[in-house]
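To start, the structure itself, in structure tokens.
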Amino acid sequence: MAASSSLHSSLSSPNFNSSYKIHPSSFSSLSNLKLTNSPKYPFKPLISQPVPPPPPPHPQPLTLRRAITSSATSSTTFHGLCYVVGDNIDTDQIIPAEYLTLVPSNPKEYKKLGSYALIGLPSSYPIRFVDPNEFKSKYSIVIAGDNFGCGSSREHAPVSLGAAGVAAVVAESYARIFFRNSVSTGEVYPLESEVRICEECKTGDVMTIELGESRLINHTTGKEYKLKPIGDAGPVVEAGGIFAYARKTGMIPSQPA
């Protein structure tokens with residue numbers, strides 16, 4: 001109580017430097033406060049509950065889908081005349097840049113693209129791939145050498161061949177981007193030969209390609225050639241391209257009718 005009296009006298013002193021005036025009765029009310037350990041608003045303690053893991057997704061029957069699609073590919077055959085080219089046929093020879101303004105999604109312009117397929121070949125190829133004033137070629141199979149489709153990565157290259165009526169290209173090797181564009185567009189089958197067929201065939205030879213057997217038959221010369229299996233790319237081309245394949249297998253929703 002002595003300390004309290006000293007505090008009261010200090011605060012009441014005119015020498016106390018403060019802009020606030022505290023009435024002495026405020027301190028006497030502090031003695032009436034009662035502290036308690038019980039809160040006014042009791043809270044329930046938080047208890048963390050373990051979250052059960054989500055159920056596993058339903059597995060997609062990829063094996064069944066692939067088997068169904070592969071069965072169609074295994075029975076696919078192509079028969080027709082072949083057109084033979086050499087090594088390093090680039091995309092500017094397949095479809096020159098001046099025709100890239102044509103839009104493949106437009107049916108009329110897609111048809112025009114076919115008339116310009118392989119029009120960029122040099123004069124060393126005296127036989128034109130597509131005859132003048134025609135939109136389709138009479139050659140449904142292209143036989144090529146090494147590095148077919150090199151150059152710029154234009155999708156118009158395989159699209160123009162498909163628009164011209166080409167079913168498959170058989171080359172010794174491909175530029176990677178042309179191979180991928182052929183599969184993703186679904187326009188032509190990019191098949192690879194195990195030997196250099198382009199030196200044993202001539203433009204106009206009659207040929208048959210059996211996809212299931214990975215075999216090419218030259219009926220003009222009577223020779224048969226083993227092709228490298230096209231593998232998983234076959235069903236994608238068979239479906240009509242990567243998006244058509246994705247819809248067919250249920251990877252993405254089908255477009256409404």
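Labels used: A, B, ... for chains in the order of the structure tokens, numbers from 1 for residues in each chain, and numbers from 1 for ligands as shown.
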
Residues within 7 Å of region 119-130 of chain A, only C-alpha atoms, excluding chain neighbours under 3 positions, as a short mmCIF file (atom, residue, chain, number, x, y, z; two decimals) with N, CA and C atoms, in the first residue's frame:
data_model
loop_
_atom_site.label_atom_id
_atom_site.label_comp_id
_atom_site.auth_asym_id
_atom_site.auth_seq_id
_atom_site.Cartn_x
_atom_site.Cartn_y
_atom_site.Cartn_z
N ASP A 92 11.24 -28.32 -99.97
CA ASP A 92 11.02 -27.30 -101.00
C ASP A 92 10.86 -27.93 -102.37
N GLN A 93 11.43 -29.12 -102.57
CA GLN A 93 11.20 -29.85 -103.81
C GLN A 93 9.85 -30.57 -103.78
N ILE A 94 9.44 -30.98 -102.58
CA ILE A 94 8.15 -31.65 -102.46
C ILE A 94 7.01 -30.67 -102.67
N ILE A 95 7.09 -29.50 -102.03
CA ILE A 95 6.09 -28.45 -102.21
C ILE A 95 6.79 -27.10 -102.01
N PRO A 96 7.05 -26.35 -103.08
CA PRO A 96 7.76 -25.07 -102.96
C PRO A 96 7.03 -24.09 -102.05
N SER A 115 -1.92 -30.88 -106.89
CA SER A 115 -1.42 -30.61 -108.24
C SER A 115 0.01 -30.08 -108.23
N TYR A 116 0.49 -29.58 -107.05
CA TYR A 116 1.84 -29.04 -106.96
C TYR A 116 2.81 -29.98 -106.26
N GLU A 134 -3.81 -31.53 -113.93
CA GLU A 134 -4.36 -32.61 -113.12
C GLU A 134 -4.14 -32.30 -111.64
N LYS A 136 -4.48 -35.05 -109.32
CA LYS A 136 -4.02 -36.31 -108.76
C LYS A 136 -2.89 -36.89 -109.61
N SER A 137 -2.00 -37.60 -108.94
CA SER A 137 -0.92 -38.28 -109.64
C SER A 137 -1.32 -39.72 -109.95
#

### Task
Any chance you could list, as number ranges by chain, the residues in region 48-241 of chain A that come up strand (DSSP E or B) when DSSP is run on the backbone?
A: 77-84, 90, 139-143, 148, 150, 168-171, 174, 189-193, 206-210, 215-218, 223-228

Selected residues, N, CA and C atoms, written as a compact mmCIF listing (two decimals), in the first residue's frame, please.
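Contents of out_1.txt, freshly written:
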# COMPACT_ATOMS: atom_id res chain seq x y z
N THR A 77 -3.20 -53.10 -97.59
CA THR A 77 -2.27 -53.26 -98.73
C THR A 77 -2.47 -52.10 -99.69
N PHE A 78 -1.40 -51.75 -100.39
CA PHE A 78 -1.46 -50.71 -101.41
C PHE A 78 -0.93 -51.30 -102.71
N HIS A 79 -1.59 -50.93 -103.78
CA HIS A 79 -1.18 -51.46 -105.09
C HIS A 79 -1.25 -50.32 -106.10
N GLY A 80 -0.16 -50.14 -106.86
CA GLY A 80 -0.17 -49.10 -107.88
C GLY A 80 1.20 -48.89 -108.48
N LEU A 81 1.31 -47.80 -109.25
CA LEU A 81 2.57 -47.45 -109.89
C LEU A 81 3.45 -46.68 -108.92
N CYS A 82 4.75 -46.80 -109.09
CA CYS A 82 5.68 -46.10 -108.20
C CYS A 82 6.38 -44.98 -108.94
N TYR A 83 6.80 -43.98 -108.18
CA TYR A 83 7.60 -42.87 -108.69
C TYR A 83 8.89 -42.86 -107.91
N VAL A 84 10.02 -42.90 -108.58
CA VAL A 84 11.32 -43.09 -107.94
C VAL A 84 12.10 -41.77 -107.92
N ASP A 90 14.32 -32.53 -100.53
CA ASP A 90 13.89 -31.67 -99.42
C ASP A 90 12.44 -31.23 -99.60
N TYR A 139 0.82 -41.98 -109.78
CA TYR A 139 1.78 -42.75 -108.97
C TYR A 139 1.33 -42.69 -107.49
N SER A 140 0.90 -43.81 -106.97
CA SER A 140 0.40 -43.85 -105.59
C SER A 140 1.47 -44.26 -104.57
N ILE A 141 2.66 -44.64 -105.07
CA ILE A 141 3.75 -45.05 -104.18
C ILE A 141 5.01 -44.30 -104.61
N VAL A 142 5.69 -43.68 -103.63
CA VAL A 142 6.94 -42.98 -103.91
C VAL A 142 8.09 -43.79 -103.32
N ILE A 143 9.08 -44.08 -104.14
CA ILE A 143 10.29 -44.78 -103.71
C ILE A 143 11.42 -43.75 -103.65
N PHE A 148 14.96 -38.47 -97.00
CA PHE A 148 13.80 -37.92 -97.70
C PHE A 148 13.05 -36.95 -96.78
N CYS A 150 14.01 -33.75 -96.03
CA CYS A 150 14.87 -32.84 -95.27
C CYS A 150 14.49 -31.39 -95.58
N ALA A 168 1.75 -44.20 -99.75
CA ALA A 168 2.93 -44.51 -98.94
C ALA A 168 4.19 -44.03 -99.63
N VAL A 169 5.17 -43.68 -98.80
CA VAL A 169 6.52 -43.39 -99.28
C VAL A 169 7.43 -44.46 -98.69
N VAL A 170 8.25 -45.06 -99.53
CA VAL A 170 9.23 -46.05 -99.07
C VAL A 170 10.60 -45.45 -99.32
N ALA A 171 11.30 -45.09 -98.23
CA ALA A 171 12.60 -44.45 -98.35
C ALA A 171 13.64 -45.22 -97.56
N TYR A 174 14.55 -41.10 -93.44
CA TYR A 174 13.76 -39.87 -93.48
C TYR A 174 14.40 -38.79 -92.62
N TYR A 189 1.87 -43.10 -95.38
CA TYR A 189 2.64 -44.02 -94.54
C TYR A 189 4.12 -43.83 -94.84
N PRO A 190 4.92 -43.41 -93.86
CA PRO A 190 6.36 -43.28 -94.08
C PRO A 190 7.08 -44.59 -93.77
N LEU A 191 7.30 -45.39 -94.77
CA LEU A 191 7.89 -46.72 -94.59
C LEU A 191 9.38 -46.68 -94.92
N GLU A 192 10.15 -47.51 -94.23
CA GLU A 192 11.59 -47.56 -94.44
C GLU A 192 11.99 -48.92 -95.01
N SER A 193 12.89 -48.88 -95.95
CA SER A 193 13.39 -50.10 -96.56
C SER A 193 14.67 -50.54 -95.87
N VAL A 206 5.11 -51.53 -111.31
CA VAL A 206 3.89 -51.86 -110.58
C VAL A 206 4.28 -52.52 -109.26
N MET A 207 3.73 -51.99 -108.16
CA MET A 207 4.13 -52.47 -106.84
C MET A 207 2.93 -52.73 -105.95
N THR A 208 3.19 -53.59 -104.96
CA THR A 208 2.23 -53.85 -103.90
C THR A 208 2.96 -53.75 -102.56
N ILE A 209 2.34 -53.07 -101.62
CA ILE A 209 2.88 -52.97 -100.25
C ILE A 209 1.91 -53.68 -99.32
N GLU A 210 2.42 -54.61 -98.56
CA GLU A 210 1.63 -55.31 -97.54
C GLU A 210 2.13 -54.87 -96.17
N ARG A 215 6.19 -55.87 -96.25
CA ARG A 215 6.78 -56.37 -97.49
C ARG A 215 6.38 -55.51 -98.67
N LEU A 216 7.33 -55.32 -99.59
CA LEU A 216 7.07 -54.62 -100.85
C LEU A 216 7.36 -55.58 -102.00
N ILE A 217 6.44 -55.66 -102.93
CA ILE A 217 6.58 -56.55 -104.09
C ILE A 217 6.62 -55.70 -105.35
N ASN A 218 7.68 -55.85 -106.10
CA ASN A 218 7.77 -55.19 -107.40
C ASN A 218 7.36 -56.21 -108.46
N LYS A 223 10.81 -58.89 -107.93
CA LYS A 223 11.56 -58.90 -106.67
C LYS A 223 10.68 -58.51 -105.49
N GLU A 224 11.02 -59.06 -104.33
CA GLU A 224 10.35 -58.72 -103.09
C GLU A 224 11.37 -58.12 -102.11
N TYR A 225 10.90 -57.18 -101.30
CA TYR A 225 11.79 -56.50 -100.36
C TYR A 225 11.14 -56.47 -98.98
N LYS A 226 11.98 -56.66 -97.98
CA LYS A 226 11.52 -56.58 -96.60
C LYS A 226 11.59 -55.13 -96.13
N LEU A 227 10.51 -54.66 -95.55
CA LEU A 227 10.45 -53.30 -95.00
C LEU A 227 10.56 -53.34 -93.49
N LYS A 228 11.00 -52.25 -92.93
CA LYS A 228 11.03 -52.15 -91.47
C LYS A 228 9.61 -51.96 -90.95

Neighbouring residues of Gly241 (chain A) were defined as those with any atom within 7 Å, considering only C-alpha atoms; residues of the same chain fewer than 6 positions away were excluded. Please report them as a compact mmCIF listing (two decimals) with N, CA and C atoms, in the first residue's frame.
# COMPACT_ATOMS: atom_id res chain seq x y z
N VAL A 183 3.04 -38.83 -89.95
CA VAL A 183 2.23 -39.58 -88.99
C VAL A 183 1.15 -38.69 -88.38
N SER A 184 1.54 -37.49 -87.95
CA SER A 184 0.58 -36.63 -87.24
C SER A 184 -0.55 -36.16 -88.15
N THR A 185 -0.27 -35.97 -89.44
CA THR A 185 -1.34 -35.57 -90.37
C THR A 185 -2.12 -36.77 -90.88
N GLY A 186 -1.51 -37.96 -90.85
CA GLY A 186 -2.18 -39.15 -91.35
C GLY A 186 -2.30 -39.19 -92.86

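From CA of Ser214 (chain A) back to CA of Ile230 (chain A), the distance works out to 7.9 Å.
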
#### Entry: Length of the CA of Val159 (chain A) to CA of Pro104 (chain A) vector [Å]
7.4 Å

### Task
Would you list, as a VMD selection string, the residues of region 65-127 of chain A that end up in helix (DSSP H, G or I) under DSSP run on this structure's backbone?
chain A and resid 65 to 74 91 to 94 97 to 99 107 to 115

### Message
Calculated over only C-alpha atoms, which of the candidates A:Glu199, A:Glu98, A:Glu172, A:Asp205 has the smallest distance to His156 (chain A)?
### Response
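Of the candidates, the smallest distance to His156 (chain A) is held by A:Glu98.
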
### Query
Using only C-alpha atoms, which of the listed residues (A:Ser152, A:Gln255, A:Asn147, A:Thr249) sits closest to Asp87 (chain A)?
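Of the candidates, the smallest distance to Asp87 (chain A) is held by A:Asn147.
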